[in-house]
Structures are given as C-alpha cells and as structure tokens.
file data24.cif (mmCIF, C-alpha atoms, pLDDT in the B column; chains and numbers go by the auth columns)
data_data
loop_
_atom_site.group_PDB
_atom_site.id
_atom_site.type_symbol
_atom_site.label_atom_id
_atom_site.label_comp_id
_atom_site.label_asym_id
_atom_site.label_seq_id
_atom_site.Cartn_x
_atom_site.Cartn_y
_atom_site.Cartn_z
_atom_site.B_iso_or_equiv
_atom_site.auth_seq_id
_atom_site.auth_asym_id
ATOM 1 C CA VAL A 1 100.583 87.082 146.119 47.00 938 A
ATOM 2 C CA CYS A 2 98.538 89.093 143.663 46.00 939 A
ATOM 3 C CA SER A 3 94.769 88.975 143.637 44.00 940 A
ATOM 4 C CA ILE A 4 92.607 90.485 140.952 46.00 941 A
ATOM 5 C CA ASN A 5 89.155 91.851 141.628 43.00 942 A
ATOM 6 C CA LEU A 6 87.416 91.126 138.337 40.00 943 A
ATOM 7 C CA ALA A 7 84.161 92.745 139.436 41.00 944 A
ATOM 8 C CA ALA A 8 85.971 96.055 139.963 42.00 945 A
ATOM 9 C CA GLN A 9 87.442 95.798 136.463 40.00 946 A
ATOM 10 C CA ALA A 10 84.203 94.883 134.712 38.00 947 A
ATOM 11 C CA PRO A 11 83.094 97.403 132.071 52.00 948 A
ATOM 12 C CA ALA A 12 80.353 99.801 133.063 61.00 949 A
ATOM 13 C CA ASP A 13 76.852 99.129 131.818 89.00 950 A
ATOM 14 C CA HIS A 14 77.096 101.487 128.849 94.00 951 A
ATOM 15 C CA ALA A 15 73.463 100.977 127.781 94.00 952 A
ATOM 16 C CA ALA A 16 72.123 102.100 131.170 95.00 953 A
ATOM 17 C CA ILE A 17 74.445 105.116 131.282 96.00 954 A
ATOM 18 C CA GLU A 18 73.540 106.075 127.705 97.00 955 A
ATOM 19 C CA LYS A 19 69.841 105.937 128.625 97.00 956 A
ATOM 20 C CA THR A 20 70.567 108.255 131.572 97.00 957 A
ATOM 21 C CA LEU A 21 72.489 110.660 129.319 98.00 958 A
ATOM 22 C CA ILE A 22 69.651 110.762 126.781 98.00 959 A
ATOM 23 C CA ALA A 23 67.305 111.754 129.624 98.00 960 A
ATOM 24 C CA LYS A 24 69.789 114.442 130.724 98.00 961 A
ATOM 25 C CA GLU A 25 70.054 115.819 127.148 97.00 962 A
ATOM 26 C CA GLU A 26 66.260 115.938 126.943 97.00 963 A
ATOM 27 C CA ALA A 27 66.063 117.695 130.334 97.00 964 A
ATOM 28 C CA VAL A 28 68.649 120.315 129.296 96.00 965 A
ATOM 29 C CA ASN A 29 66.837 120.935 126.003 94.00 966 A
ATOM 30 C CA ALA A 30 63.448 121.186 127.735 95.00 967 A
ATOM 31 C CA ALA A 31 64.894 123.672 130.236 94.00 968 A
ATOM 32 C CA PHE A 32 66.442 125.736 127.405 90.00 969 A
ATOM 33 C CA MET A 33 63.069 125.741 125.631 89.00 970 A
ATOM 34 C CA LYS A 34 61.556 127.328 128.770 88.00 971 A
ATOM 35 C CA GLY A 35 64.487 129.695 129.361 87.00 972 A
ATOM 36 C CA ASP A 36 65.097 127.844 132.637 91.00 973 A
ATOM 37 C CA SER A 37 68.810 128.250 133.390 90.00 974 A
ATOM 38 C CA ALA A 38 68.398 126.638 136.841 92.00 975 A
ATOM 39 C CA GLY A 39 67.032 123.497 135.179 94.00 976 A
ATOM 40 C CA MET A 40 70.010 123.441 132.839 95.00 977 A
ATOM 41 C CA LYS A 41 72.601 124.035 135.584 94.00 978 A
ATOM 42 C CA MET A 42 71.588 120.764 137.255 95.00 979 A
ATOM 43 C CA HIS A 43 73.242 118.881 134.375 97.00 980 A
ATOM 44 C CA ILE A 44 76.050 121.189 133.223 97.00 981 A
ATOM 45 C CA ALA A 45 79.470 121.695 134.830 97.00 982 A
ATOM 46 C CA ASP A 46 80.265 125.241 135.961 94.00 983 A
ATOM 47 C CA ASP A 47 83.414 125.245 133.802 96.00 984 A
ATOM 48 C CA ALA A 48 81.695 123.883 130.677 96.00 985 A
ATOM 49 C CA ARG A 49 82.044 125.505 127.263 97.00 986 A
ATOM 50 C CA MET A 50 79.953 125.414 124.130 95.00 987 A
ATOM 51 C CA ALA A 51 80.172 126.253 120.441 93.00 988 A
ATOM 52 C CA ASP A 52 77.580 127.044 117.804 87.00 989 A
ATOM 53 C CA MET A 53 77.380 129.125 114.628 83.00 990 A
ATOM 54 C CA ASN A 54 78.067 132.236 116.730 81.00 991 A
ATOM 55 C CA GLY A 55 81.357 130.938 118.111 89.00 992 A
ATOM 56 C CA PHE A 56 82.617 129.726 121.476 94.00 993 A
ATOM 57 C CA MET A 57 81.065 130.615 124.818 93.00 994 A
ATOM 58 C CA THR A 58 81.454 129.661 128.457 93.00 995 A
ATOM 59 C CA VAL A 59 78.422 128.402 130.299 88.00 996 A
ATOM 60 C CA PRO A 60 78.339 131.439 132.637 89.00 997 A
ATOM 61 C CA GLU A 61 78.292 133.685 129.528 91.00 998 A
ATOM 62 C CA MET A 62 75.386 131.691 128.076 87.00 999 A
ATOM 63 C CA PHE A 63 73.384 131.845 131.314 87.00 1000 A
ATOM 64 C CA LYS A 64 74.011 135.602 131.504 89.00 1001 A
ATOM 65 C CA GLN A 65 72.626 136.006 127.952 86.00 1002 A
ATOM 66 C CA MET A 66 69.622 133.680 128.359 84.00 1003 A
ATOM 67 C CA PRO A 67 67.186 136.327 129.708 85.00 1004 A
ATOM 68 C CA THR A 68 67.673 138.392 126.535 84.00 1005 A
ATOM 69 C CA MET A 69 67.595 135.500 124.043 83.00 1006 A
ATOM 70 C CA GLN A 70 63.819 135.610 123.444 87.00 1007 A
ATOM 71 C CA ILE A 71 63.545 131.809 123.317 85.00 1008 A
ATOM 72 C CA LYS A 72 60.262 130.690 121.756 91.00 1009 A
ATOM 73 C CA ILE A 73 60.679 127.021 120.875 92.00 1010 A
ATOM 74 C CA THR A 74 57.253 125.458 120.291 93.00 1011 A
ATOM 75 C CA GLU A 75 58.357 121.886 119.617 93.00 1012 A
ATOM 76 C CA GLN A 76 61.541 119.860 119.592 95.00 1013 A
ATOM 77 C CA LYS A 77 62.760 116.310 119.217 97.00 1014 A
ATOM 78 C CA LEU A 78 66.139 114.702 119.891 97.00 1015 A
ATOM 79 C CA SER A 79 66.892 111.610 117.807 97.00 1016 A
ATOM 80 C CA ASP A 80 69.562 109.399 116.271 98.00 1017 A
ATOM 81 C CA PHE A 81 71.688 109.188 119.431 98.00 1018 A
ATOM 82 C CA LYS A 82 75.156 107.683 119.014 98.00 1019 A
ATOM 83 C CA PHE A 83 77.803 107.423 121.718 98.00 1020 A
ATOM 84 C CA VAL A 84 81.599 107.362 121.645 97.00 1021 A
ATOM 85 C CA TRP A 85 83.237 106.290 124.891 97.00 1022 A
ATOM 86 C CA ALA A 86 86.620 107.894 125.607 96.00 1023 A
ATOM 87 C CA ASP A 87 86.963 105.963 128.865 95.00 1024 A
ATOM 88 C CA ALA A 88 84.734 104.671 131.668 94.00 1025 A
ATOM 89 C CA ASN A 89 83.999 108.233 132.866 96.00 1026 A
ATOM 90 C CA THR A 90 83.817 110.236 129.625 97.00 1027 A
ATOM 91 C CA VAL A 91 81.454 109.796 126.698 98.00 1028 A
ATOM 92 C CA VAL A 92 80.447 111.898 123.683 98.00 1029 A
ATOM 93 C CA ALA A 93 76.738 111.893 122.856 98.00 1030 A
ATOM 94 C CA ASN A 94 75.883 112.769 119.242 98.00 1031 A
ATOM 95 C CA TYR A 95 72.299 113.421 118.187 98.00 1032 A
ATOM 96 C CA THR A 96 70.040 115.310 115.792 97.00 1033 A
ATOM 97 C CA TRP A 97 67.843 118.140 117.095 96.00 1034 A
ATOM 98 C CA THR A 98 64.721 119.045 115.139 96.00 1035 A
ATOM 99 C CA GLY A 99 62.164 121.585 116.166 95.00 1036 A
ATOM 100 C CA LYS A 100 60.184 124.726 115.491 95.00 1037 A
ATOM 101 C CA GLY A 101 60.401 128.159 116.989 93.00 1038 A
ATOM 102 C CA THR A 102 62.627 131.202 117.216 90.00 1039 A
ATOM 103 C CA VAL A 103 65.606 132.427 119.202 85.00 1040 A
ATOM 104 C CA MET A 104 66.200 136.193 119.231 86.00 1041 A
ATOM 105 C CA GLY A 105 63.520 136.556 116.578 90.00 1042 A
ATOM 106 C CA GLN A 106 65.292 134.228 114.126 88.00 1043 A
ATOM 107 C CA PRO A 107 64.004 130.780 113.137 91.00 1044 A
ATOM 108 C CA ALA A 108 65.675 128.014 115.122 89.00 1045 A
ATOM 109 C CA PRO A 109 67.847 126.081 112.655 89.00 1046 A
ATOM 110 C CA SER A 110 66.363 122.633 112.137 94.00 1047 A
ATOM 111 C CA PRO A 111 67.782 120.112 111.873 95.00 1048 A
ATOM 112 C CA ALA A 112 70.913 120.735 113.906 95.00 1049 A
ATOM 113 C CA TYR A 113 73.606 118.180 114.669 96.00 1050 A
ATOM 114 C CA SER A 114 74.745 118.254 118.281 97.00 1051 A
ATOM 115 C CA SER A 115 77.438 116.681 120.402 98.00 1052 A
ATOM 116 C CA THR A 116 77.840 116.838 124.154 98.00 1053 A
ATOM 117 C CA VAL A 117 80.838 115.595 126.111 98.00 1054 A
ATOM 118 C CA TRP A 118 79.651 114.080 129.389 98.00 1055 A
ATOM 119 C CA THR A 119 82.007 113.206 132.211 98.00 1056 A
ATOM 120 C CA LYS A 120 81.492 111.698 135.631 97.00 1057 A
ATOM 121 C CA ARG A 121 82.563 114.053 138.425 96.00 1058 A
ATOM 122 C CA ALA A 122 82.044 113.261 142.087 95.00 1059 A
ATOM 123 C CA GLY A 123 79.737 110.408 141.089 94.00 1060 A
ATOM 124 C CA LYS A 124 77.507 112.578 138.860 96.00 1061 A
ATOM 125 C CA TRP A 125 77.378 112.803 135.054 97.00 1062 A
ATOM 126 C CA VAL A 126 77.736 116.433 133.908 98.00 1063 A
ATOM 127 C CA ALA A 127 78.080 118.055 130.499 98.00 1064 A
ATOM 128 C CA VAL A 128 81.478 119.723 130.029 98.00 1065 A
ATOM 129 C CA TYR A 129 81.272 120.659 126.347 97.00 1066 A
ATOM 130 C CA HIS A 130 78.438 121.069 123.837 97.00 1067 A
ATOM 131 C CA GLN A 131 78.422 122.000 120.161 97.00 1068 A
ATOM 132 C CA GLU A 132 75.693 122.505 117.593 94.00 1069 A
ATOM 133 C CA THR A 133 76.019 122.584 113.827 92.00 1070 A
ATOM 134 C CA SER A 134 73.135 123.684 111.632 90.00 1071 A
ATOM 135 C CA ALA A 135 72.408 121.369 108.741 88.00 1072 A
ATOM 136 C CA ALA A 136 73.548 122.780 105.412 84.00 1073 A
ATOM 137 C CA ALA A 137 70.871 123.362 102.820 76.00 1074 A
ATOM 138 C CA MET A 138 71.011 120.797 100.071 70.00 1075 A
ATOM 139 C CA PRO A 139 72.044 122.277 96.721 69.00 1076 A
ATOM 140 C CA SER A 140 69.192 122.508 94.271 60.00 1077 A
ATOM 141 C CA MET A 141 69.075 120.188 91.266 57.00 1078 A
ATOM 142 C CA ALA A 142 69.556 123.209 88.979 53.00 1079 A
ATOM 143 C CA MET A 143 72.788 124.142 90.795 55.00 1080 A
ATOM 144 C CA ALA A 144 74.055 120.573 90.581 56.00 1081 A
ATOM 145 C CA MET A 145 73.321 120.387 86.827 58.00 1082 A
ATOM 146 C CA LYS A 146 75.329 123.600 86.116 59.00 1083 A
ATOM 147 C CA LYS A 147 78.546 121.912 87.184 56.00 1084 A
#
call {"tool": "encode", "arguments": {"input": "data24.cif", "output": "structure tokens"}}
result
Amino acid sequence: VCSINLAAQAPADHAAIEKTLIAKEEAVNAAFMKGDSAGMKMHIADDARMADMNGFMTVPEMFKQMPTMQIKITEQKLSDFKFVWADANTVVANYTWTGKGTVMGQPAPSPAYSSTVWTKRAGKWVAVYHQETSAAAMPSMAMAMKK
C-alpha cells in the first residue's frame, strides 16, 4: 500500500521566501554601506564567492579587504527584484542597485545589475554567490549617427 503525503509535496510559499530574501539583500547592502562585515556574515555562507568588474573573489578575501576599501556610500536603493527558482532550496535573486557614494575613492557605479544565488542550508537561507555588473553608458546620439 502506497500513501502520498500531499502536504509534504506542496510547493513552498515562494512569495514569502522572496520577501525574506529581499530583506536579506537589503540587510547585506546596508551592512556593506557601513563597512560592517559581521552584519554581512549573518547572511552569507563561509564558502561563498562573488564577481564584479574586478574579477572573482572568495568571501573571506572580501572581508579581509573591507577595512581598506574606504566605503562611503551615502544613499542606495535596491529595486526591480526578479527571482528564478532552481529548486525548492535554491533561488537566484536579480535586482538593480542605485546609489551615491565612493568605494576606494572612486564613484560607486550606479546603476549596477546584481544577482545573488540563495540556498537553504540547515534551515537558513544564505547567499552562496553574488555578482554585480555596472550599467554600460548609453552611446551618444552623435556616435549612433556616425554608423
């Protein structure tokens, strides 16, 4: 005799999880803005990796560099969240970051397009991979007319 537990097979409440992940992204970004690596570590796996215009980096490498990064972000906003579910325990969050400030004396690129892979480990959602891509400058009308 085979019995099926339909409640155990019911899909997760994606909307509630996505709301939680938006709050986690905002918490990580707020902690970065303050140079607060401890605040970031609460949401990021120890074995996580990241990529930006400077290349690939492990999370321990990033935390080691944070004290020298001269982070001076004065405002930021995360918007346009979209989610891609790989399975019940892994989701990719895509969003647009806009803000003002500097990192290592250089203007923070705004907007930037970001993606974070979140996975559920030991009952907790943690970021395992993050990437950021600076928006490309739009070609000027003069450049477009030369073609």
call {"tool": "resolve_selection", "arguments": {"input": "data24.cif", "expression": "the PyMOL selection byres ((chain A and resi 1057-1059) around 10)", "output": "VMD selection string"}}
result
chain A and resid 982 1025 to 1028 1055 to 1056 1060 to 1065
call {"tool": "closest_residue", "arguments": {"input": "data24.cif", "among": "A:Leu958, A:Val1054, A:Ala968, A:Met977", "to": "Asp1024 of chain A", "atoms": "only C-alpha atoms"}}
result
A:Val1054
call {"tool": "resolve_selection", "arguments": {"input": "data24.cif", "expression": "the PyMOL selection byres ((chain A and resi 989-994) around 10)", "output": "mmCIF file with C-alpha atoms, in the coordinates of the input"}}
result
data_model
loop_
_atom_site.group_PDB
_atom_site.id
_atom_site.type_symbol
_atom_site.label_atom_id
_atom_site.label_comp_id
_atom_site.auth_asym_id
_atom_site.auth_seq_id
_atom_site.Cartn_x
_atom_site.Cartn_y
_atom_site.Cartn_z
ATOM 1 C CA ALA A 985 81.695 123.883 130.677
ATOM 2 C CA ARG A 986 82.044 125.505 127.263
ATOM 3 C CA MET A 987 79.953 125.414 124.130
ATOM 4 C CA ALA A 988 80.172 126.253 120.441
ATOM 5 C CA THR A 995 81.454 129.661 128.457
ATOM 6 C CA VAL A 996 78.422 128.402 130.299
ATOM 7 C CA PRO A 997 78.339 131.439 132.637
ATOM 8 C CA GLU A 998 78.292 133.685 129.528
ATOM 9 C CA MET A 999 75.386 131.691 128.076
ATOM 10 C CA ALA A 1049 70.913 120.735 113.906
ATOM 11 C CA SER A 1051 74.745 118.254 118.281
ATOM 12 C CA HIS A 1067 78.438 121.069 123.837
ATOM 13 C CA GLN A 1068 78.422 122.000 120.161
ATOM 14 C CA GLU A 1069 75.693 122.505 117.593
ATOM 15 C CA THR A 1070 76.019 122.584 113.827
ATOM 16 C CA SER A 1071 73.135 123.684 111.632
#
call {"tool": "atom_distance", "arguments": {"input": "data24.cif", "atom1": "atom CA of Tyr1066 of chain A", "atom2": "atom CA of Asp984 of chain A"}}
result
9.0 Å
call {"tool": "resolve_selection", "arguments": {"input": "data24.cif", "expression": "the PyMOL selection byres ((chain A and resi 1007) around 12)", "output": "list of chain:residue names"}}
result
A:Phe969, A:Met970, A:Lys971, A:Gly972, A:Gln1002, A:Met1003, A:Pro1004, A:Thr1005, A:Met1006, A:Ile1008, A:Lys1009, A:Ile1010, A:Gly1038, A:Thr1039, A:Val1040, A:Met1041, A:Gly1042, A:Gln1043, A:Pro1044, A:Ala1045
call {"tool": "atom_distance", "arguments": {"input": "data24.cif", "atom1": "atom CA of Val1029 of chain A", "atom2": "atom CA of Thr1053 of chain A"}}
result
5.6 Å
call {"tool": "closest_residue", "arguments": {"input": "data24.cif", "among": "A:Ala1074, A:Val965, A:Ile959, A:Ile981", "to": "Tyr1032 of chain A", "atoms": "only C-alpha atoms"}}
result
A:Ile959
call {"tool": "decode", "arguments": {"input": "data24.cif", "residues": "segment 1033-1059 of chain A", "atoms": "N, CA and C atoms", "output": "PDB file, in the first residue's frame"}}
result
ATOM      1  N   THR A1033      18.279  45.635  -9.351  1.00  0.00           N
ATOM      2  CA  THR A1033      19.061  46.809  -9.747  1.00  0.00           C
ATOM      3  C   THR A1033      19.438  47.580  -8.493  1.00  0.00           C
ATOM      4  N   TRP A1034      20.738  47.907  -8.380  1.00  0.00           N
ATOM      5  CA  TRP A1034      21.241  48.731  -7.281  1.00  0.00           C
ATOM      6  C   TRP A1034      21.491  50.120  -7.843  1.00  0.00           C
ATOM      7  N   THR A1035      20.955  51.134  -7.169  1.00  0.00           N
ATOM      8  CA  THR A1035      21.288  52.519  -7.487  1.00  0.00           C
ATOM      9  C   THR A1035      21.719  53.195  -6.195  1.00  0.00           C
ATOM     10  N   GLY A1036      22.634  54.122  -6.321  1.00  0.00           N
ATOM     11  CA  GLY A1036      23.093  54.809  -5.132  1.00  0.00           C
ATOM     12  C   GLY A1036      24.100  55.887  -5.447  1.00  0.00           C
ATOM     13  N   LYS A1037      24.600  56.486  -4.376  1.00  0.00           N
ATOM     14  CA  LYS A1037      25.609  57.545  -4.477  1.00  0.00           C
ATOM     15  C   LYS A1037      26.676  57.271  -3.445  1.00  0.00           C
ATOM     16  N   GLY A1038      27.897  57.602  -3.796  1.00  0.00           N
ATOM     17  CA  GLY A1038      28.997  57.458  -2.868  1.00  0.00           C
ATOM     18  C   GLY A1038      30.250  56.995  -3.578  1.00  0.00           C
ATOM     19  N   THR A1039      31.241  56.611  -2.786  1.00  0.00           N
ATOM     20  CA  THR A1039      32.514  56.164  -3.339  1.00  0.00           C
ATOM     21  C   THR A1039      32.981  54.892  -2.626  1.00  0.00           C
ATOM     22  N   VAL A1040      33.783  54.138  -3.347  1.00  0.00           N
ATOM     23  CA  VAL A1040      34.487  52.980  -2.802  1.00  0.00           C
ATOM     24  C   VAL A1040      35.927  53.115  -3.276  1.00  0.00           C
ATOM     25  N   MET A1041      36.857  53.139  -2.335  1.00  0.00           N
ATOM     26  CA  MET A1041      38.279  53.337  -2.625  1.00  0.00           C
ATOM     27  C   MET A1041      38.510  54.614  -3.424  1.00  0.00           C
ATOM     28  N   GLY A1042      37.743  55.650  -3.079  1.00  0.00           N
ATOM     29  CA  GLY A1042      37.910  56.949  -3.710  1.00  0.00           C
ATOM     30  C   GLY A1042      37.289  57.082  -5.091  1.00  0.00           C
ATOM     31  N   GLN A1043      36.705  56.012  -5.620  1.00  0.00           N
ATOM     32  CA  GLN A1043      36.092  56.044  -6.943  1.00  0.00           C
ATOM     33  C   GLN A1043      34.565  56.076  -6.804  1.00  0.00           C
ATOM     34  N   PRO A1044      33.880  56.776  -7.702  1.00  0.00           N
ATOM     35  CA  PRO A1044      32.418  56.801  -7.617  1.00  0.00           C
ATOM     36  C   PRO A1044      31.847  55.379  -7.711  1.00  0.00           C
ATOM     37  N   ALA A1045      30.883  55.093  -6.863  1.00  0.00           N
ATOM     38  CA  ALA A1045      30.199  53.804  -6.932  1.00  0.00           C
ATOM     39  C   ALA A1045      29.403  53.770  -8.232  1.00  0.00           C
ATOM     40  N   PRO A1046      29.598  52.727  -9.048  1.00  0.00           N
ATOM     41  CA  PRO A1046      28.867  52.656 -10.316  1.00  0.00           C
ATOM     42  C   PRO A1046      27.365  52.511 -10.058  1.00  0.00           C
ATOM     43  N   SER A1047      26.590  53.394 -10.668  1.00  0.00           N
ATOM     44  CA  SER A1047      25.147  53.360 -10.485  1.00  0.00           C
ATOM     45  C   SER A1047      24.482  53.715 -11.811  1.00  0.00           C
ATOM     46  N   PRO A1048      23.568  52.905 -12.280  1.00  0.00           N
ATOM     47  CA  PRO A1048      23.075  51.688 -11.646  1.00  0.00           C
ATOM     48  C   PRO A1048      24.021  50.503 -11.867  1.00  0.00           C
ATOM     49  N   ALA A1049      23.805  49.492 -11.049  1.00  0.00           N
ATOM     50  CA  ALA A1049      24.507  48.212 -11.204  1.00  0.00           C
ATOM     51  C   ALA A1049      23.458  47.111 -11.164  1.00  0.00           C
ATOM     52  N   TYR A1050      23.662  46.100 -11.988  1.00  0.00           N
ATOM     53  CA  TYR A1050      22.742  44.964 -12.040  1.00  0.00           C
ATOM     54  C   TYR A1050      23.365  43.832 -11.236  1.00  0.00           C
ATOM     55  N   SER A1051      22.613  43.304 -10.287  1.00  0.00           N
ATOM     56  CA  SER A1051      23.147  42.319  -9.358  1.00  0.00           C
ATOM     57  C   SER A1051      22.320  41.044  -9.364  1.00  0.00           C
ATOM     58  N   SER A1052      22.997  39.956  -9.063  1.00  0.00           N
ATOM     59  CA  SER A1052      22.344  38.664  -8.885  1.00  0.00           C
ATOM     60  C   SER A1052      22.982  37.971  -7.698  1.00  0.00           C
ATOM     61  N   THR A1053      22.154  37.374  -6.869  1.00  0.00           N
ATOM     62  CA  THR A1053      22.639  36.602  -5.735  1.00  0.00           C
ATOM     63  C   THR A1053      21.968  35.236  -5.774  1.00  0.00           C
ATOM     64  N   VAL A1054      22.773  34.187  -5.627  1.00  0.00           N
ATOM     65  CA  VAL A1054      22.234  32.840  -5.508  1.00  0.00           C
ATOM     66  C   VAL A1054      22.064  32.564  -4.020  1.00  0.00           C
ATOM     67  N   TRP A1055      20.844  32.290  -3.627  1.00  0.00           N
ATOM     68  CA  TRP A1055      20.498  31.965  -2.242  1.00  0.00           C
ATOM     69  C   TRP A1055      20.161  30.491  -2.161  1.00  0.00           C
ATOM     70  N   THR A1056      20.633  29.834  -1.125  1.00  0.00           N
ATOM     71  CA  THR A1056      20.293  28.432  -0.918  1.00  0.00           C
ATOM     72  C   THR A1056      19.968  28.209   0.552  1.00  0.00           C
ATOM     73  N   LYS A1057      19.137  27.226   0.794  1.00  0.00           N
ATOM     74  CA  LYS A1057      18.739  26.918   2.170  1.00  0.00           C
ATOM     75  C   LYS A1057      19.651  25.832   2.708  1.00  0.00           C
ATOM     76  N   ARG A1058      20.405  26.179   3.755  1.00  0.00           N
ATOM     77  CA  ARG A1058      21.319  25.245   4.415  1.00  0.00           C
ATOM     78  C   ARG A1058      20.968  25.186   5.896  1.00  0.00           C
ATOM     79  N   ALA A1059      20.792  23.996   6.380  1.00  0.00           N
ATOM     80  CA  ALA A1059      20.459  23.789   7.799  1.00  0.00           C
ATOM     81  C   ALA A1059      19.284  24.676   8.220  1.00  0.00           C
TER      82      ALA A1059
END
